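The block underneath contains the structure these notes are about, expressed in structure tokens.
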Amino acid sequence: LPLDFQQALPILKMIEDAGYEAYFVGGSVRDHILGLPIHDVDIATSAYPEEIKSIFKHTIDTGIKHGTVTVLMGDNSYEITTFRTESGYQDYRRPDKVTFVRSLTDDLKRRDFTINALAVDHNGNVVDKFDGLTDLKNHLIKAVGVADERFHEDALRMMRAVRFQSQLNFSIEDKTERAIADNAHLLSKIAVERVHEEFVKMFFGQSWKNGLSDFLRLNLYEYCPGFKDNLHELSKLVKAPNVKMIDETMIWTAIGYVLDLHGEELNHFLRQWKVSNKIREDCLLTENQLINFKNKDFDVWKIYKLGITNIPRVEALCELFNVKINIEQIDNIVSEIPIKNSHSMKITGKDVIDILDIKPGPQIGEYMDILEKAVVTQTVTNTYKDLQRYLLIL
Ligand code: ATP
Ligand code: MG
């Protein structure tokens with residue numbers, strides 16, 4: 001067993017000593033068998049949540065209604081979920097009723113894909129009820145049971161298919177793929193936050209171009225915000241060079257770029273997708289800088305305003321879109337900027353008020369901007385004395 005599982009073995013042991021079954025399940029099992037690094041170790045058990053809470057001292061009710069309790073153990077925490085079945089999928093969304101059961105097989109049956117429906121016991125034996133090991137070997141994403149039914153139960157699974165395809169560089173099995181093409185429209189029933197999460201994970205995957213290619217080919221894109229008539233534009237990303245996505249801002253900026261969205265249009269698009277405020281703001285700045293670079297506009301002030309930490313992302317986007325830039329030239333400009341941000345200014349708004357003997361108000365901010373620009377463009381050195389002198393001759 002890998003170290004992550006070994007560390008969690010005492011948990012399995014304690015549950016078993018109390019008379020219940022417990023297994024490692026889900027993504028960690030899949031990733032372990034593939035030889036990939038494991039992130040969260042998830043545990044499934046026949047014990048009910050209250051029973052788990054009586055076995056362990058330190059627990060958190062993470063999702064107790066759905067059977068999940070988090071157990072804290074040393075520096076680690078583990079999500080322990082009671083075996084369950086799901087029913088009453090209304091509107092093609094998540095189930096509104098979960099039933100706790102004592103059978104591992106029933107629990108594995110409700111999982112999305114065969115490669116995610118494997119369990120490992122305390123001896124390292126793999127429980128494989130749906131031929132997940134074969135599919136892992138053949139690099140196939142295949143629905144557990146009848147694909148069509150599974151996507152009716154929860155349409156998000158279709159997005160998860162392209163997400164895993166990208167992350168693992170697998171293919172989607174034929175019947176599963178056909179079922180996606182047949183049911184793509186059900187994606188419109190799913191909350192945009194959930195689609196967003198899988199969509200972004202798809203782009204972070206090593207083979208995002210494969211995932212994206214099927215996302216387009218199987219018509220999932222039509223049922224996502226702002227994509228409907230943009231197959232041609234989105235396909236440009238599939239044809240782009242295989243550049244790794246640095247962060248979520250890079251992903252959304254890239255999409256905005258192929259859709260030719262700028263300013264308020266881009267803002268609106270990102271709001272539709274419920275992109276966070278911070279990332280939305282960064283996208284608008286990044287998009288701006290990308291266009292500047294494209295137009296060979298290397299203004300020091302603009303580069304500075306973008307935020308120096310955002311430069312690597314713009315450089316990666318330039319690579320993605322074949323925007324020829326002289327990275328050395330940009331890096332030189334950046335390295336010569338004397339300050340990182342306005343906090344490094346050796347003069348404050350309060351100083352400006354005192355020096356000019358004026359009342360507080362919006363013009364203070366304007367003076368501060370002028371001073372900051374003067375420092376950034378090396379018109380003035382960043383010392384109180386020089387800034388004071390500059391301010392007085394403005
Ligand atoms: P990751 O490595 O990204 O965490 P994961 O396989 O662990 O991948 P999770 O979203 O963490 O994915 O879900 C954990 C497990 O729960 C999955 O492996 C799968 O067995 C099951 N699961 C998650 N979401 C669904 C779903 N929508 N339908 C059916 N089973 C699901
Ligand atoms: Mg997981």
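Chain lettering (A, B, ...) mirrors the order of the structure tokens, residue numbering begins at 1 for each chain separately, and ligand numbering begins at 1 in order of display.
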So which residues are near ligand 2, meaning at most 8 Å away with only C-alpha atoms and all ligand atoms counted, given back as a JSON list (two decimals) with N, CA and C atoms, in the first residue's frame?
```
[["chain", "number", "residue", "atom", "x", "y", "z"],
["A", 26, "GLY", "N", -12.91, 5.50, -4.46],
["A", 26, "GLY", "CA", -12.93, 6.71, -5.28],
["A", 26, "GLY", "C", -11.60, 7.06, -5.92],
["A", 27, "GLY", "N", -11.38, 8.34, -6.09],
["A", 27, "GLY", "CA", -10.25, 8.84, -6.85],
["A", 27, "GLY", "C", -8.89, 8.37, -6.37],
["A", 28, "SER", "N", -8.74, 8.20, -5.04],
["A", 28, "SER", "CA", -7.42, 7.81, -4.52],
["A", 28, "SER", "C", -7.07, 6.40, -4.98],
["A", 39, "HIS", "N", -4.34, 12.58, -3.90],
["A", 39, "HIS", "CA", -4.64, 13.67, -2.97],
["A", 39, "HIS", "C", -5.51, 13.15, -1.84],
["A", 40, "ASP", "N", -6.80, 13.43, -1.83],
["A", 40, "ASP", "CA", -7.56, 13.02, -0.64],
["A", 40, "ASP", "C", -7.82, 11.53, -0.64],
["A", 41, "VAL", "N", -7.59, 10.93, 0.54],
["A", 41, "VAL", "CA", -7.94, 9.52, 0.73],
["A", 41, "VAL", "C", -9.37, 9.48, 1.26],
["A", 42, "ASP", "N", -10.28, 8.93, 0.46],
["A", 42, "ASP", "CA", -11.67, 8.80, 0.92],
["A", 42, "ASP", "C", -11.94, 7.39, 1.39]]
```
With only C-alpha atoms as the counted atoms, please give the residues lying no more than 7 Å from stretch 252-260 of chain A, apart from itself and same-chain residues fewer than 2 positions off, as a short mmCIF file (atom, residue, chain, number, x, y, z; two decimals) with N, CA and C atoms, in the first residue's frame.
```cif
data_model
loop_
_atom_site.label_atom_id
_atom_site.label_comp_id
_atom_site.auth_asym_id
_atom_site.auth_seq_id
_atom_site.Cartn_x
_atom_site.Cartn_y
_atom_site.Cartn_z
N GLU A 233 -15.26 29.25 -32.93
CA GLU A 233 -14.34 30.04 -32.10
C GLU A 233 -13.67 29.15 -31.05
N LEU A 234 -14.47 28.33 -30.37
CA LEU A 234 -13.92 27.48 -29.31
C LEU A 234 -12.95 26.44 -29.88
N LYS A 236 -10.78 26.89 -31.96
CA LYS A 236 -9.44 27.49 -32.10
C LYS A 236 -8.53 27.04 -30.97
N GLU A 248 -6.67 29.61 -13.04
CA GLU A 248 -8.03 29.76 -13.57
C GLU A 248 -8.17 31.04 -14.40
N THR A 249 -7.46 32.08 -14.00
CA THR A 249 -7.53 33.33 -14.76
C THR A 249 -7.04 33.12 -16.19
N MET A 250 -6.00 32.34 -16.33
CA MET A 250 -5.48 32.06 -17.69
C MET A 250 -6.55 31.33 -18.51
N HIS A 262 -14.35 41.44 -24.99
CA HIS A 262 -13.50 42.43 -24.33
C HIS A 262 -14.33 43.26 -23.37
N LEU A 266 -16.78 40.77 -21.84
CA LEU A 266 -16.03 39.73 -21.13
C LEU A 266 -16.52 39.64 -19.68
N CYS A 283 -8.90 38.63 -14.92
CA CYS A 283 -9.11 38.31 -16.33
C CYS A 283 -9.16 39.58 -17.17
N THR A 286 -5.72 40.91 -17.43
CA THR A 286 -4.88 40.01 -18.24
C THR A 286 -5.23 40.15 -19.72
N GLU A 287 -6.52 40.22 -19.99
CA GLU A 287 -6.97 40.36 -21.37
C GLU A 287 -6.40 41.64 -21.98
N LEU A 317 -0.14 32.88 -22.18
CA LEU A 317 -1.22 33.12 -23.13
C LEU A 317 -0.67 33.50 -24.50
#
```
Residues within 6 Å of ligand 1, counting only C-alpha atoms and all ligand atoms, as a PDB file with C-alpha atoms, in the first residue's frame:
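Once written, pocket-v4.pdb looks like this:
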```
ATOM      1  CA  GLY A  26     -12.931   6.709  -5.283  1.00  0.00           C
ATOM      2  CA  GLY A  27     -10.245   8.841  -6.853  1.00  0.00           C
ATOM      3  CA  ARG A 110     -24.090   4.432  -7.609  1.00  0.00           C
ATOM      4  CA  ARG A 111     -20.670   5.783  -8.613  1.00  0.00           C
ATOM      5  CA  ASP A 112     -20.191   7.458 -11.974  1.00  0.00           C
ATOM      6  CA  ASN A 116     -14.082   5.440  -9.903  1.00  0.00           C
ATOM      7  CA  ALA A 117     -15.985   2.435  -8.590  1.00  0.00           C
ATOM      8  CA  LEU A 156     -23.108  16.587 -14.412  1.00  0.00           C
ATOM      9  CA  ARG A 157     -21.504  13.182 -14.954  1.00  0.00           C
TER      10      ARG A 157
END
```
Please provide as a count of residues only all residues within 12 Å of A:Ala179, with the sequence filter that same-chain residues fewer than 4 positions apart are discarded (counting only C-alpha atoms).
25
Would you kindly return, as a VMD selection string, each protein, DNA or RNA residue with an atom no farther than 7 Å from any atom of A:Gly132, considering only C-alpha atoms and excluding same-chain residues fewer than 2 positions away?
chain A and resid 114 to 115 117 to 118 128 130 134 to 136
Grab the atom CA of A:Phe83 to atom CA of A:Leu108 distance for me, in Å with one decimal place.
8.3 Å
Hey, what's within 9 Å of A:Asp107 if we count only C-alpha atoms and toss same-chain stuff fewer than 3 positions away? As a PyMOL selection string, please?
chain A and resi 44+82-86+100-104+110-111+117
Can you tell me, as JSON, numbers by chain, which residues in stretch 187-341 of chain A count as alpha helix (DSSP H) by DSSP?
{"A": [192, 193, 194, 195, 196, 197, 198, 199, 200, 201, 202, 203, 204, 208, 209, 210, 211, 212, 213, 214, 215, 216, 217, 231, 232, 233, 234, 235, 236, 237, 238, 239, 248, 249, 250, 251, 252, 253, 254, 255, 256, 257, 258, 263, 264, 265, 266, 267, 268, 269, 270, 271, 272, 277, 278, 279, 280, 281, 282, 283, 284, 285, 286, 287, 288, 289, 290, 291, 292, 293, 294, 300, 301, 302, 303, 304, 305, 306, 311, 312, 313, 314, 315, 316, 317, 318, 319, 320, 327, 328, 329, 330, 331, 332, 333, 334, 335, 336]}
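Checking A:Lys373, A:Ser276, A:Asp247, A:Asp154 one by one against A:Val300, counting only C-alpha atoms, you find the shortest gap at A:Lys373.
The residue set within 8 Å of stretch 365-368 of chain A, counting only C-alpha atoms and dropping same-chain residues fewer than 4 places from it, reads A:Thr348, A:Gly349, A:Val352, A:Gly361, A:Glu372, A:Leu391.
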Using the selection just defined, write its residues with N, CA and C atoms as an mmCIF file, in the first residue's frame.
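Result saved to selection29.cif:
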```cif
data_model
loop_
_atom_site.group_PDB
_atom_site.id
_atom_site.type_symbol
_atom_site.label_atom_id
_atom_site.label_comp_id
_atom_site.auth_asym_id
_atom_site.auth_seq_id
_atom_site.Cartn_x
_atom_site.Cartn_y
_atom_site.Cartn_z
ATOM 1 N N THR A 348 2.652 59.104 1.461
ATOM 2 C CA THR A 348 1.268 58.641 1.649
ATOM 3 C C THR A 348 0.300 59.756 1.282
ATOM 4 N N GLY A 349 -0.970 59.389 1.208
ATOM 5 C CA GLY A 349 -2.021 60.370 0.941
ATOM 6 C C GLY A 349 -2.031 61.460 2.003
ATOM 7 N N VAL A 352 0.565 63.982 1.246
ATOM 8 C CA VAL A 352 0.145 64.867 0.156
ATOM 9 C C VAL A 352 -0.730 65.994 0.700
ATOM 10 N N GLY A 361 -9.916 64.332 -0.251
ATOM 11 C CA GLY A 361 -10.904 64.229 -1.334
ATOM 12 C C GLY A 361 -10.332 63.396 -2.449
ATOM 13 N N GLU A 372 2.982 57.820 -8.249
ATOM 14 C CA GLU A 372 3.312 56.412 -8.459
ATOM 15 C C GLU A 372 3.821 56.198 -9.886
ATOM 16 N N LEU A 391 6.064 66.919 -6.188
ATOM 17 C CA LEU A 391 4.679 67.297 -5.928
ATOM 18 C C LEU A 391 4.512 68.817 -5.953
#
```
Just the strand (DSSP E or B) stuff from stretch 108-259 of chain A, please, per backbone DSSP, written as a PyMOL selection string.
chain A and resi 113+118-120+126-128+140-141+143+171-172
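Atom CA of A:Trp301 lies 10.5 Å from atom CA of A:Gln378.
Closest approach to A:His32 among A:Val126, A:Ile52, A:Val314, A:Ile80 is made by A:Val126 (distances from only C-alpha atoms).
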All residues 8 Å or closer to A:Lys294, only C-alpha atoms, same chain fewer than 2 positions away omitted, as a PyMOL selection string
chain A and resi 290-292+296-297+318+323-325
Selected residues, N, CA and C atoms, written as a CSV table (one decimal), in the first residue's frame, please.
```csv
chain,number,residue,atom,x,y,z
A,290,LEU,N,-2.7,41.2,-22.7
A,290,LEU,CA,-2.5,40.4,-23.8
A,290,LEU,C,-2.7,41.1,-25.1
A,291,ILE,N,-3.7,42.0,-25.2
A,291,ILE,CA,-4.0,42.8,-26.3
A,291,ILE,C,-2.8,43.8,-26.5
A,292,ASN,N,-2.3,44.4,-25.4
A,292,ASN,CA,-1.2,45.3,-25.5
A,292,ASN,C,0.0,44.6,-26.1
A,296,LYS,N,2.2,45.0,-29.6
A,296,LYS,CA,3.6,45.5,-29.4
A,296,LYS,C,3.7,46.8,-28.6
A,297,ASP,N,2.8,46.8,-27.6
A,297,ASP,CA,2.6,48.0,-26.8
A,297,ASP,C,3.2,47.7,-25.4
A,318,CYS,N,0.4,34.3,-24.5
A,318,CYS,CA,1.0,34.6,-25.8
A,318,CYS,C,1.5,33.4,-26.5
A,323,VAL,N,1.2,34.7,-30.1
A,323,VAL,CA,1.6,36.1,-30.1
A,323,VAL,C,3.1,36.2,-29.8
A,324,LYS,N,3.8,36.7,-30.8
A,324,LYS,CA,5.2,36.8,-30.7
A,324,LYS,C,5.6,37.9,-29.8
A,325,ILE,N,6.3,37.6,-28.7
A,325,ILE,CA,6.7,38.6,-27.8
A,325,ILE,C,8.2,38.4,-27.4
```
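Separating atom CA of A:Asn310 from atom CA of A:Thr377 is a distance of 18.9 Å.
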